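J.: Sharing upload07.cif (mmCIF, C-alpha atoms and all ligand atoms) below.
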```
data_entry
#
loop_
_atom_site.label_atom_id
_atom_site.label_comp_id
_atom_site.auth_asym_id
_atom_site.auth_seq_id
_atom_site.Cartn_x
_atom_site.Cartn_y
_atom_site.Cartn_z
CA MET A 1 135.44 113.58 99.01
CA ASN A 2 133.92 112.79 95.64
CA ASN A 3 135.96 111.86 92.59
CA ASN A 4 136.27 115.46 91.31
CA ASN A 5 138.14 116.23 94.50
CA ILE A 6 135.47 118.67 95.52
CA PRO A 7 134.99 118.23 99.26
CA ASP A 8 131.49 117.08 100.17
CA VAL A 9 131.78 118.33 103.75
CA ASN A 10 129.62 121.31 102.87
CA LEU A 11 126.60 119.19 102.04
CA ASN A 12 123.60 120.85 103.67
CA LEU A 13 123.31 119.35 107.13
CA ASN A 14 119.57 118.89 106.72
CA VAL A 15 120.13 116.63 103.72
CA ARG A 16 123.16 114.77 104.97
CA GLY A 17 122.28 111.23 105.98
CA LEU A 18 119.02 111.17 104.04
CA HIS A 19 118.50 108.48 101.41
CA GLN A 20 116.34 108.31 98.34
CA SER A 21 112.68 108.02 99.32
CA ALA A 22 111.88 104.40 100.25
CA THR A 23 108.91 104.10 97.88
CA LEU A 24 110.96 105.12 94.86
CA TYR A 25 114.01 103.18 95.95
CA ILE A 26 112.16 99.86 96.28
CA ASN A 27 110.65 100.37 92.84
CA GLU A 28 114.02 100.91 91.20
CA LYS A 29 115.57 98.04 93.11
CA SER A 30 112.71 95.69 92.14
CA ASN A 31 113.06 96.69 88.49
CA GLU A 32 116.80 96.03 88.59
CA LEU A 33 116.26 92.60 90.14
CA ARG A 34 113.69 91.77 87.48
CA LYS A 35 116.08 92.90 84.76
CA ALA A 36 118.70 90.60 86.22
CA GLY A 37 116.26 87.74 85.76
CA ARG A 38 114.78 87.39 89.27
CA GLN A 39 111.10 86.80 89.89
CA VAL A 40 110.01 89.86 91.89
CA TYR A 41 106.55 90.59 93.26
CA LYS A 42 106.35 94.37 93.27
CA LEU A 43 104.34 95.25 96.34
CA GLY A 44 106.61 98.15 97.28
CA LEU A 45 105.74 101.31 95.35
CA GLY A 46 102.18 102.57 95.68
CA GLN A 47 101.41 103.11 92.02
CA SER A 48 97.90 102.71 90.62
CA PRO A 49 97.64 99.52 88.54
CA PHE A 50 94.93 101.08 86.36
CA PRO A 51 95.43 103.00 83.10
CA VAL A 52 94.67 106.69 82.78
CA PRO A 53 91.04 106.86 81.54
CA GLN A 54 90.95 107.06 77.72
CA PRO A 55 89.15 110.44 77.48
CA VAL A 56 91.90 111.98 79.62
CA VAL A 57 94.63 110.40 77.46
CA ASP A 58 92.84 111.71 74.35
CA GLU A 59 92.76 115.19 75.83
CA LEU A 60 96.49 115.02 76.45
CA LYS A 61 97.10 114.05 72.82
CA VAL A 62 95.03 116.93 71.58
CA ASN A 63 96.95 119.32 73.81
CA ALA A 64 100.46 118.10 73.10
CA TYR A 65 101.09 121.34 71.18
CA GLN A 66 100.46 123.54 74.23
CA LYS A 67 103.85 125.07 74.82
CA ASP A 68 103.42 128.32 76.67
CA TYR A 69 104.27 128.84 80.30
CA LEU A 70 101.03 128.80 82.22
CA PRO A 71 100.09 131.03 85.18
CA VAL A 72 102.01 130.10 88.31
CA LYS A 73 98.93 129.13 90.31
CA GLY A 74 97.62 126.96 87.49
CA LEU A 75 95.57 127.00 84.29
CA PRO A 76 92.41 129.01 85.04
CA GLN A 77 90.11 126.36 83.45
CA LEU A 78 91.73 123.70 85.61
CA ARG A 79 91.42 125.72 88.82
CA GLU A 80 87.77 126.18 87.96
CA ALA A 81 87.25 122.48 87.20
CA VAL A 82 88.88 121.51 90.52
CA ALA A 83 86.76 123.97 92.51
CA ASP A 84 83.63 122.72 90.70
CA TYR A 85 84.54 119.13 91.40
CA TYR A 86 84.80 119.77 95.16
CA CYS A 87 81.54 121.69 95.16
CA LYS A 88 79.59 119.01 93.25
CA ASN A 89 81.17 115.90 94.77
CA GLN A 90 82.07 116.92 98.29
CA ASP A 91 79.75 119.85 98.87
CA ILE A 92 82.79 121.99 99.64
CA CYS A 93 82.39 125.16 97.65
CA TYR A 94 85.56 127.25 97.49
CA SER A 95 86.36 129.75 94.79
CA PRO A 96 88.65 128.76 91.90
CA GLY A 97 91.04 131.36 93.32
CA GLY A 98 91.56 128.97 96.26
CA VAL A 99 93.03 126.25 94.02
CA LEU A 100 96.76 125.82 93.55
CA ILE A 101 98.15 123.42 90.94
CA GLY A 102 101.60 121.88 91.29
CA PRO A 103 103.81 119.19 89.76
CA GLY A 104 102.53 116.57 92.22
CA SER A 105 101.00 117.14 95.65
CA LYS A 106 104.36 116.12 97.13
CA GLU A 107 105.95 119.34 95.83
CA LEU A 108 103.05 121.41 97.16
CA MET A 109 103.48 119.84 100.61
CA PHE A 110 107.11 120.81 100.56
CA LEU A 111 106.26 124.41 99.65
CA LEU A 112 103.63 124.60 102.37
CA GLN A 113 106.11 123.51 105.00
CA TYR A 114 108.62 125.95 103.64
CA VAL A 115 106.37 128.99 103.84
CA TYR A 116 104.62 128.19 107.14
CA TYR A 117 106.71 128.36 110.24
CA GLY A 118 105.46 125.68 112.59
CA ASP A 119 105.99 122.16 113.85
CA LEU A 120 104.97 119.30 111.62
CA ILE A 121 102.75 116.86 113.48
CA ILE A 122 102.51 113.42 111.94
CA PRO A 123 100.49 110.51 113.27
CA THR A 124 102.40 107.25 112.87
CA PRO A 125 102.37 105.24 110.76
CA SER A 126 102.32 107.76 107.91
CA TRP A 127 103.59 108.14 104.37
CA VAL A 128 107.36 108.04 103.96
CA SER A 129 107.98 111.58 102.69
CA TYR A 130 106.26 113.90 105.17
CA ALA A 131 109.03 113.78 107.77
CA PRO A 132 112.07 113.98 105.43
CA GLN A 133 110.53 117.08 103.84
CA ALA A 134 110.30 118.74 107.25
CA GLN A 135 113.84 117.68 108.02
CA ILE A 136 115.16 119.15 104.77
CA ILE A 137 113.48 122.47 105.55
CA GLY A 138 114.59 122.38 109.17
CA ARG A 139 111.19 122.12 110.87
CA HIS A 140 110.56 120.19 114.04
CA VAL A 141 108.81 116.91 113.45
CA ARG A 142 106.60 115.66 116.25
CA TRP A 143 105.13 112.18 115.95
CA ILE A 144 101.86 111.07 117.47
CA PRO A 145 102.00 107.30 117.78
CA THR A 146 98.64 105.66 117.13
CA LEU A 147 97.41 102.30 118.38
CA ARG A 148 97.12 98.99 116.63
CA GLN A 149 93.72 98.42 118.28
CA ASN A 150 92.50 101.68 116.67
CA LYS A 151 93.73 100.41 113.31
CA TRP A 152 96.53 102.95 113.63
CA ARG A 153 94.20 105.93 113.25
CA LEU A 154 94.60 109.23 115.06
CA THR A 155 92.02 109.96 117.74
CA ALA A 156 90.83 113.41 118.81
CA GLU A 157 92.05 112.62 122.34
CA GLU A 158 95.56 111.85 121.12
CA LEU A 159 95.66 115.12 119.21
CA GLU A 160 94.34 117.03 122.22
CA ALA A 161 96.91 115.44 124.51
CA HIS A 162 99.62 116.41 122.08
CA CYS A 163 98.55 120.08 121.94
CA TYR A 164 97.67 120.43 125.62
CA ASP A 165 101.01 121.65 126.99
CA ASP A 166 101.52 124.39 124.43
CA PRO A 167 98.03 125.09 123.06
CA HIS A 168 98.88 127.94 120.67
CA ARG A 169 102.10 126.68 119.17
CA PRO A 170 102.03 127.01 115.37
CA ARG A 171 101.50 123.56 113.90
CA ILE A 172 100.71 121.78 110.68
CA VAL A 173 98.95 118.50 111.36
CA ILE A 174 98.81 115.96 108.56
CA LEU A 175 95.77 113.78 108.33
CA ASN A 176 95.74 111.23 105.52
CA TYR A 177 92.77 109.03 104.73
CA PRO A 178 92.03 106.55 103.25
CA SER A 179 95.46 106.13 104.68
CA ASN A 180 98.82 105.31 103.33
CA PRO A 181 100.06 102.87 104.69
CA VAL A 182 97.03 101.28 106.44
CA GLY A 183 94.22 101.71 103.90
CA VAL A 184 91.67 102.70 106.56
CA THR A 185 89.45 105.75 106.89
CA TYR A 186 87.53 107.76 109.53
CA SER A 187 83.83 107.95 110.30
CA THR A 188 82.08 111.30 110.08
CA GLU A 189 81.90 111.43 113.87
CA GLU A 190 85.63 110.83 114.21
CA LEU A 191 86.33 113.56 111.68
CA ARG A 192 84.08 115.97 113.57
CA SER A 193 85.96 115.31 116.83
CA ILE A 194 89.39 115.76 115.26
CA ALA A 195 88.15 118.95 113.56
CA SER A 196 86.97 120.35 116.85
CA VAL A 197 90.40 119.86 118.48
CA ALA A 198 92.06 121.39 115.43
CA ARG A 199 89.79 124.43 115.71
CA ASP A 200 90.51 124.87 119.44
CA HIS A 201 94.24 124.94 118.75
CA LYS A 202 94.12 126.91 115.50
CA ILE A 203 95.95 124.14 113.74
CA ILE A 204 96.68 124.24 110.03
CA LEU A 205 95.24 120.91 108.98
CA LEU A 206 96.77 119.46 105.85
CA SER A 207 94.24 116.85 104.84
CA ASP A 208 95.93 114.54 102.39
CA GLU A 209 92.96 113.09 100.53
CA ILE A 210 94.82 111.81 97.49
CA TYR A 211 93.10 108.41 97.98
CA GLY A 212 89.67 109.94 98.68
CA GLU A 213 88.19 108.81 95.38
CA LEU A 214 89.51 105.33 96.10
CA ASN A 215 87.33 104.98 99.18
CA HIS A 216 86.09 101.51 98.25
CA LYS A 217 82.47 102.47 98.86
CA GLY A 218 82.80 105.78 97.00
CA LYS A 219 81.84 107.57 100.23
CA HIS A 220 84.76 109.79 101.08
CA VAL A 221 84.00 112.77 103.33
CA SER A 222 86.48 115.61 103.66
CA ILE A 223 87.28 116.93 107.11
CA ALA A 224 87.17 120.40 105.54
CA LYS A 225 83.41 120.19 106.01
CA PHE A 226 83.91 120.39 109.75
CA TYR A 227 86.94 122.69 109.97
CA ASN A 228 86.62 124.80 106.90
CA GLU A 229 88.70 127.78 108.00
CA GLY A 230 91.87 125.82 108.83
CA THR A 231 91.90 122.93 106.36
CA ILE A 232 93.84 122.61 103.14
CA ILE A 233 92.79 119.62 101.04
CA SER A 234 95.60 117.97 99.14
CA SER A 235 94.92 115.72 96.17
CA GLY A 236 95.82 115.14 92.54
CA ILE A 237 95.43 112.71 89.67
CA SER A 238 98.13 110.20 90.65
CA LYS A 239 95.96 107.66 92.41
CA TRP A 240 92.31 107.70 91.33
CA CYS A 241 93.19 108.62 87.75
CA GLY A 242 96.19 106.32 87.43
CA ALA A 243 98.47 109.20 86.43
CA GLY A 244 101.31 109.16 88.99
CA GLY A 245 103.94 109.76 86.36
CA TRP A 246 102.10 112.76 84.95
CA ARG A 247 102.91 114.69 88.12
CA LEU A 248 99.94 116.88 88.82
CA GLY A 249 98.77 117.75 92.32
CA THR A 250 96.13 120.09 93.71
CA PHE A 251 95.72 122.04 96.93
CA ILE A 252 92.46 123.78 97.74
CA PHE A 253 92.35 126.55 100.36
CA PRO A 254 89.52 128.36 102.13
CA ASP A 255 89.50 132.18 101.85
CA SER A 256 90.96 132.44 105.35
CA LEU A 257 94.17 130.72 104.16
CA GLN A 258 94.56 132.58 100.86
CA TRP A 259 97.71 134.21 102.28
CA LEU A 260 99.34 130.79 102.44
CA LEU A 261 98.42 129.99 98.86
CA ASN A 262 99.86 133.34 97.76
CA SER A 263 103.16 132.72 99.55
CA MET A 264 103.39 129.23 98.09
CA ALA A 265 102.84 130.74 94.64
CA VAL A 266 105.80 133.06 95.22
CA MET A 267 107.93 130.01 95.97
CA ALA A 268 106.50 128.18 92.96
CA SER A 269 107.35 131.10 90.69
CA GLU A 270 110.97 130.97 91.84
CA THR A 271 111.31 127.20 91.59
CA PHE A 272 109.18 125.14 89.19
CA THR A 273 107.49 128.15 87.46
CA SER A 274 104.28 126.31 86.59
CA THR A 275 103.07 122.77 86.00
CA SER A 276 103.43 121.18 82.55
CA ALA A 277 100.92 122.79 80.18
CA PRO A 278 99.61 119.71 78.26
CA ILE A 279 99.11 117.84 81.53
CA GLN A 280 97.07 120.70 82.98
CA TYR A 281 94.81 120.82 79.91
CA ALA A 282 94.27 117.07 80.13
CA ALA A 283 93.56 117.27 83.85
CA VAL A 284 90.60 119.56 83.15
CA ARG A 285 88.95 116.55 81.51
CA ALA A 286 89.76 114.37 84.53
CA PHE A 287 88.12 116.76 87.00
CA LYS A 288 85.07 117.26 84.79
CA ARG A 289 84.37 113.55 85.30
CA GLY A 290 81.26 112.25 83.50
CA GLU A 291 79.94 108.75 82.88
CA TYR A 292 83.09 107.17 81.48
CA ILE A 293 85.20 108.21 84.45
CA GLU A 294 82.51 107.33 87.01
CA ASN A 295 82.34 103.80 85.56
CA TYR A 296 86.10 103.54 85.55
CA LEU A 297 86.18 104.57 89.20
CA TRP A 298 83.50 102.12 90.32
CA ARG A 299 85.23 99.22 88.59
CA SER A 300 88.56 100.24 90.15
CA ARG A 301 86.97 100.39 93.62
CA TRP A 302 85.31 96.98 93.25
CA ILE A 303 88.57 95.31 92.30
CA LEU A 304 90.61 97.01 95.02
CA ASN A 305 87.99 96.32 97.65
CA LYS A 306 87.65 92.64 96.87
CA LEU A 307 91.35 92.11 96.44
CA GLY A 308 92.33 94.06 99.58
CA ASN A 309 89.82 92.20 101.72
CA LYS A 310 90.87 88.84 100.37
CA ILE A 311 94.51 89.51 101.13
CA ALA A 312 93.75 90.86 104.62
CA LYS A 313 91.74 87.70 105.32
CA LYS A 314 94.56 85.44 104.13
CA LEU A 315 97.06 87.24 106.36
CA ASN A 316 94.79 87.37 109.40
CA GLU A 317 94.06 83.65 109.08
CA ASN A 318 97.78 83.17 109.40
CA GLU A 319 97.99 85.40 112.50
CA ILE A 320 99.61 88.26 110.65
CA TYR A 321 97.52 91.13 112.00
CA CYS A 322 96.21 93.40 109.28
CA PRO A 323 93.08 95.63 109.27
CA SER A 324 90.75 95.19 106.30
CA PRO A 325 90.99 98.18 103.99
CA ASP A 326 88.37 100.90 103.51
CA GLY A 327 90.16 102.49 100.59
CA ALA A 328 93.36 103.01 98.57
CA PHE A 329 95.58 100.00 97.75
CA TYR A 330 97.56 99.44 100.92
CA LEU A 331 97.56 97.03 103.82
CA PHE A 332 99.65 97.38 106.92
CA ALA A 333 100.70 94.06 108.38
CA ASP A 334 102.01 93.42 111.87
CA PHE A 335 104.04 90.24 112.33
CA TYR A 336 104.28 90.62 116.13
CA LYS A 337 102.96 87.13 116.80
CA TYR A 338 106.00 85.77 114.96
CA LYS A 339 108.51 87.78 116.95
CA ARG A 340 110.24 84.81 118.54
CA LYS A 341 110.27 82.80 115.38
CA LEU A 342 111.75 85.70 113.43
CA ARG A 343 114.37 86.29 116.09
CA ASN A 344 115.51 82.72 115.57
CA LYS A 345 116.12 83.67 111.96
CA GLU A 346 118.16 86.70 113.11
CA ILE A 347 115.35 89.07 112.15
CA ARG A 348 114.94 91.72 114.81
CA ASN A 349 113.44 94.72 113.04
CA SER A 350 111.20 95.68 110.15
CA VAL A 351 114.06 96.49 107.78
CA GLN A 352 115.61 93.05 108.27
CA LEU A 353 112.16 91.52 107.87
CA CYS A 354 111.61 93.12 104.45
CA ASP A 355 115.19 92.55 103.26
CA ARG A 356 115.08 88.86 104.06
CA LEU A 357 111.60 88.44 102.62
CA LEU A 358 112.78 89.97 99.34
CA GLN A 359 115.95 87.89 99.26
CA GLU A 360 114.25 84.61 100.12
CA THR A 361 110.91 84.90 98.29
CA GLY A 362 111.17 87.77 95.80
CA VAL A 363 108.30 89.66 97.50
CA ALA A 364 109.07 93.40 97.80
CA ILE A 365 107.25 95.26 100.59
CA LEU A 366 108.27 98.25 102.70
CA PRO A 367 109.32 98.21 106.36
CA GLY A 368 107.17 99.96 108.97
CA LYS A 369 110.23 101.95 110.00
CA GLU A 370 109.94 103.98 106.78
CA PHE A 371 106.47 105.03 107.91
CA GLY A 372 107.73 106.30 111.26
CA MET A 373 107.11 103.12 113.26
CA PRO A 374 109.65 102.02 115.86
CA SER A 375 112.11 99.92 113.94
CA GLU A 376 111.91 96.92 116.28
CA GLU A 377 108.16 96.61 115.64
CA LEU A 378 107.71 94.02 112.93
CA THR A 379 105.40 95.94 110.66
CA ALA A 380 105.35 96.41 106.89
CA ARG A 381 103.28 98.00 104.13
CA ILE A 382 101.91 95.89 101.32
CA ALA A 383 100.88 97.79 98.18
CA TYR A 384 98.56 95.37 96.37
CA VAL A 385 99.12 96.79 92.93
CA ASP A 386 101.23 94.27 91.02
CA PHE A 387 98.67 93.15 88.46
CA ASP A 388 97.65 94.14 84.96
CA GLY A 389 95.11 96.87 85.64
CA VAL A 390 94.23 97.28 81.96
CA LYS A 391 93.10 93.66 81.69
CA ALA A 392 91.40 93.58 85.10
CA LEU A 393 89.51 96.78 84.41
CA SER A 394 88.29 95.76 80.97
CA ALA A 395 87.08 92.45 82.40
CA ALA A 396 85.30 94.31 85.21
CA GLU A 397 83.57 96.52 82.66
CA MET A 398 81.54 93.46 81.64
CA LEU A 399 80.28 93.00 85.19
CA ASN A 400 77.19 94.52 86.75
CA SER A 401 78.00 94.36 90.42
CA LYS A 402 80.84 94.11 92.89
CA ASN A 403 79.78 90.59 93.84
CA GLN A 404 80.84 89.40 90.43
CA VAL A 405 84.41 90.28 91.33
CA ASN A 406 84.69 86.87 92.94
CA ASP A 407 87.56 84.56 93.89
CA GLU A 408 87.79 83.23 90.37
CA PHE A 409 88.12 86.76 88.97
CA LEU A 410 90.82 87.66 91.50
CA GLU A 411 92.72 84.45 90.87
CA TYR A 412 92.67 85.06 87.12
CA TYR A 413 93.46 88.77 87.02
CA CYS A 414 95.39 89.35 90.25
CA GLY A 415 96.94 85.90 90.68
CA ASN A 416 100.42 87.31 90.97
CA ILE A 417 99.53 89.19 94.12
CA LEU A 418 97.72 86.26 95.68
CA LYS A 419 100.80 84.17 94.96
CA ALA A 420 102.95 86.79 96.71
CA ILE A 421 100.71 86.65 99.79
CA ASP A 422 100.97 82.86 99.84
CA LEU A 423 104.73 83.22 99.68
CA ILE A 424 104.67 85.60 102.68
CA ASN A 425 102.47 83.21 104.63
CA ASP A 426 104.60 80.17 103.80
CA TRP A 427 107.84 81.99 104.55
CA ILE A 428 106.71 83.18 107.94
CA ILE A 429 105.49 79.79 109.16
CA ASP A 430 108.39 77.91 107.66
N1 LIG B 1 102.76 107.65 97.17
C1 LIG B 1 103.30 106.46 96.64
C2 LIG B 1 103.73 105.51 97.75
O1 LIG B 1 103.57 105.78 98.92
C3 LIG B 1 104.43 106.66 95.68
C4 LIG B 1 104.86 108.00 95.27
C5 LIG B 1 105.88 108.64 96.14
O2 LIG B 1 106.14 108.17 97.27
O3 LIG B 1 106.39 109.64 95.70
O4 LIG B 1 104.23 104.46 97.46
#
```
Translate this structure into structure tokens?

T.:
Amino acid sequence: MNNNNIPDVNLNLNVRGLHQSATLYINEKSNELRKAGRQVYKLGLGQSPFPVPQPVVDELKVNAYQKDYLPVKGLPQLREAVADYYCKNQDICYSPGGVLIGPGSKELMFLLQYVYYGDLIIPTPSWVSYAPQAQIIGRHVRWIPTLRQNKWRLTAEELEAHCYDDPHRPRIVILNYPSNPVGVTYSTEELRSIASVARDHKIILLSDEIYGELNHKGKHVSIAKFYNEGTIISSGISKWCGAGGWRLGTFIFPDSLQWLLNSMAVMASETFTSTSAPIQYAAVRAFKRGEYIENYLWRSRWILNKLGNKIAKKLNENEIYCPSPDGAFYLFADFYKYKRKLRNKEIRNSVQLCDRLLQETGVAILPGKEFGMPSEELTARIAYVDFDGVKALSAAEMLNSKNQVNDEFLEYYCGNILKAIDLINDWIID
């Protein structure tokens, strides 16, 4: 019963028991602790540390007056710019009619699951919100556990084994790379093999490539190249363009899946109507790219690559297993070698691990359980984003090569994060 005496027993059963998304919760909690005067290292929420590129900000200013409702599927110039971007940068040439714009790719994922009747297949570990969305809608969630020795990446064999018993069951499989939470990617050969299984089983493949442009070598390849007819590519401007709070996501569909786009647009028209007009006009500039944005992206990749590798090395040296990243700004750490030691401190699962770490050191990271890992496995995601991206980026603009992003640079511009990693290391061996 709430305090208006309205009984809450009729809360939708699919929502009952769910909590605010872990990524957003840890951010709010960290901010509250900081406000209360605590030193907090914010390695919880995966938010880009870098500013939105200036030409994109300028375009938003110029378009602040845009006030009309835009077409449900998105601003035509933006749909064109997105289709052009994929054609030029990924060699995936779909028509602008295959682009759907939404207020964040998260919302589009929800609509997709709503309109397509099928199981949701998620490799673990995976991003925190895929499964709760399926639960809210009432879809079956099937997990495919992946292996630590494969850097927690899905293999074609694992997908085949999963589909084998019921080969034609309708399914959406989510593939996310560079991955949240591990920061690793797939080789072209691995993508080809997964694509071939997906084709055999007529899977709808939702390829979440929101970190694609943050492949640290700038060499992201979309699986849509190998399974064109069944792949939807999900992306947006939250990660590579530093604009998470702007809320703009993109889906791009092949002609064969236009019926899905159309159904999602029906849902969009009855829910969010269309995405914010000024943001869509500004996003046209983001997808048009050009020299300024290319430079911005290379500098961002250099910093993330050097920083991610340095942290992974520091953790591995301390026997906290953690694959070196290929992209994005995440590391996934496994504290299994410290199991006994942690048990002596009454820490038996990943939630307790992260709670105690926050309490005792001020370092906020997220438990592996939130990413679908068994709770007793002592895993956690580290988002290495708590540094001043404006300063780091403008310093990197003076550099000519990645090698100049050296230890001294990282210590000066990302010292807070390195300090947090030292705190983790000291805490665990203490
Ligand atoms: N994708 C980001 C993360 O995993 C944050 C945004 C969100 O979860 O909605 O931390």

J.: Considering all atoms listed in the file, return as a ChimeraX atom specification whatever protein or nucleic-acid residues lie within 8 Å of A:Asn27, sequence-local ones (same chain, fewer than 2 positions apart) excluded.

T.: /A:23-25,29-31,42,44-45

J.: Neighbouring residues of ligand LIG 1 (chain B) are defined here as those with any atom at most 8 Å from a ligand atom, counting only C-alpha atoms and all ligand atoms; list them as a PyMOL selection string.

T.: chain A and resi 21-24+44-47+106+127-129+180-181+244+383

J.: Name the closest residue to A:Tyr65 among the candidates A:Ala277, A:Ala134, A:Gly98, A:Leu33; distances are taken between atoms, counting only C-alpha atoms.

T.: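 Answer, going by the shortest atom-to-atom distance: A:Ala277.
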
J.: Which distance in Å separates atom CA of A:Arg142 and atom CA of A:Ile121, to one decimal?

T.: 4.9 Å

J.: Kindly provide, as AutoDock Vina command-line options, the centre and edge lengths (Å, one decimal) of an axis-aligned box around all atoms of stretch 348-353 of chain A given in the file, with 8 Å on each side.

T.:
```
--center_x 113.4 --center_y 94.0 --center_z 111.3 --size_x 20.4 --size_y 21.0 --size_z 23.0
```

J.: Restricting the calculation to only C-alpha atoms: of A:Ile233, A:Pro49, A:Asn10, A:Leu43, which residue gets closest to A:Ile26?

T.: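 Smallest separation from A:Ile26 among the options: A:Leu43.
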
J.: Got a sec: who's within 7 Å of stretch 252-258 of chain A, counting all atoms listed in the file, leaving out chain neighbours fewer than 6 positions off, as a PDB file with C-alpha atoms, keeping the file's coordinate frame?

T.:
```pdb
ATOM      1  CA  TYR A  94      85.560 127.250  97.490  1.00  0.00           C
ATOM      2  CA  GLY A  98      91.560 128.970  96.260  1.00  0.00           C
ATOM      3  CA  VAL A  99      93.030 126.250  94.020  1.00  0.00           C
ATOM      4  CA  LEU A 100      96.760 125.820  93.550  1.00  0.00           C
ATOM      5  CA  ASN A 228      86.620 124.800 106.900  1.00  0.00           C
ATOM      6  CA  GLU A 229      88.700 127.780 108.000  1.00  0.00           C
ATOM      7  CA  ILE A 232      93.840 122.610 103.140  1.00  0.00           C
ATOM      8  CA  ILE A 233      92.790 119.620 101.040  1.00  0.00           C
ATOM      9  CA  SER A 234      95.600 117.970  99.140  1.00  0.00           C
TER      10      SER A 234
END
```

J.: Neighbouring residues of A:Val266 were defined as those with any atom within 12 Å, considering only C-alpha atoms; residues of the same chain fewer than 3 positions away were excluded. Please report them as a PDB file with C-alpha atoms, in the coordinates of the input.

T.:
```
ATOM      1  CA  PRO A  71     100.090 131.030  85.180  1.00  0.00           C
ATOM      2  CA  VAL A  72     102.010 130.100  88.310  1.00  0.00           C
ATOM      3  CA  LYS A  73      98.930 129.130  90.310  1.00  0.00           C
ATOM      4  CA  LEU A 100      96.760 125.820  93.550  1.00  0.00           C
ATOM      5  CA  LEU A 111     106.260 124.410  99.650  1.00  0.00           C
ATOM      6  CA  LEU A 112     103.630 124.600 102.370  1.00  0.00           C
ATOM      7  CA  TYR A 114     108.620 125.950 103.640  1.00  0.00           C
ATOM      8  CA  VAL A 115     106.370 128.990 103.840  1.00  0.00           C
ATOM      9  CA  TRP A 259      97.710 134.210 102.280  1.00  0.00           C
ATOM     10  CA  LEU A 260      99.340 130.790 102.440  1.00  0.00           C
ATOM     11  CA  LEU A 261      98.420 129.990  98.860  1.00  0.00           C
ATOM     12  CA  ASN A 262      99.860 133.340  97.760  1.00  0.00           C
ATOM     13  CA  SER A 263     103.160 132.720  99.550  1.00  0.00           C
ATOM     14  CA  SER A 269     107.350 131.100  90.690  1.00  0.00           C
ATOM     15  CA  GLU A 270     110.970 130.970  91.840  1.00  0.00           C
ATOM     16  CA  THR A 271     111.310 127.200  91.590  1.00  0.00           C
ATOM     17  CA  PHE A 272     109.180 125.140  89.190  1.00  0.00           C
ATOM     18  CA  THR A 273     107.490 128.150  87.460  1.00  0.00           C
ATOM     19  CA  SER A 274     104.280 126.310  86.590  1.00  0.00           C
TER      20      SER A 274
END
```
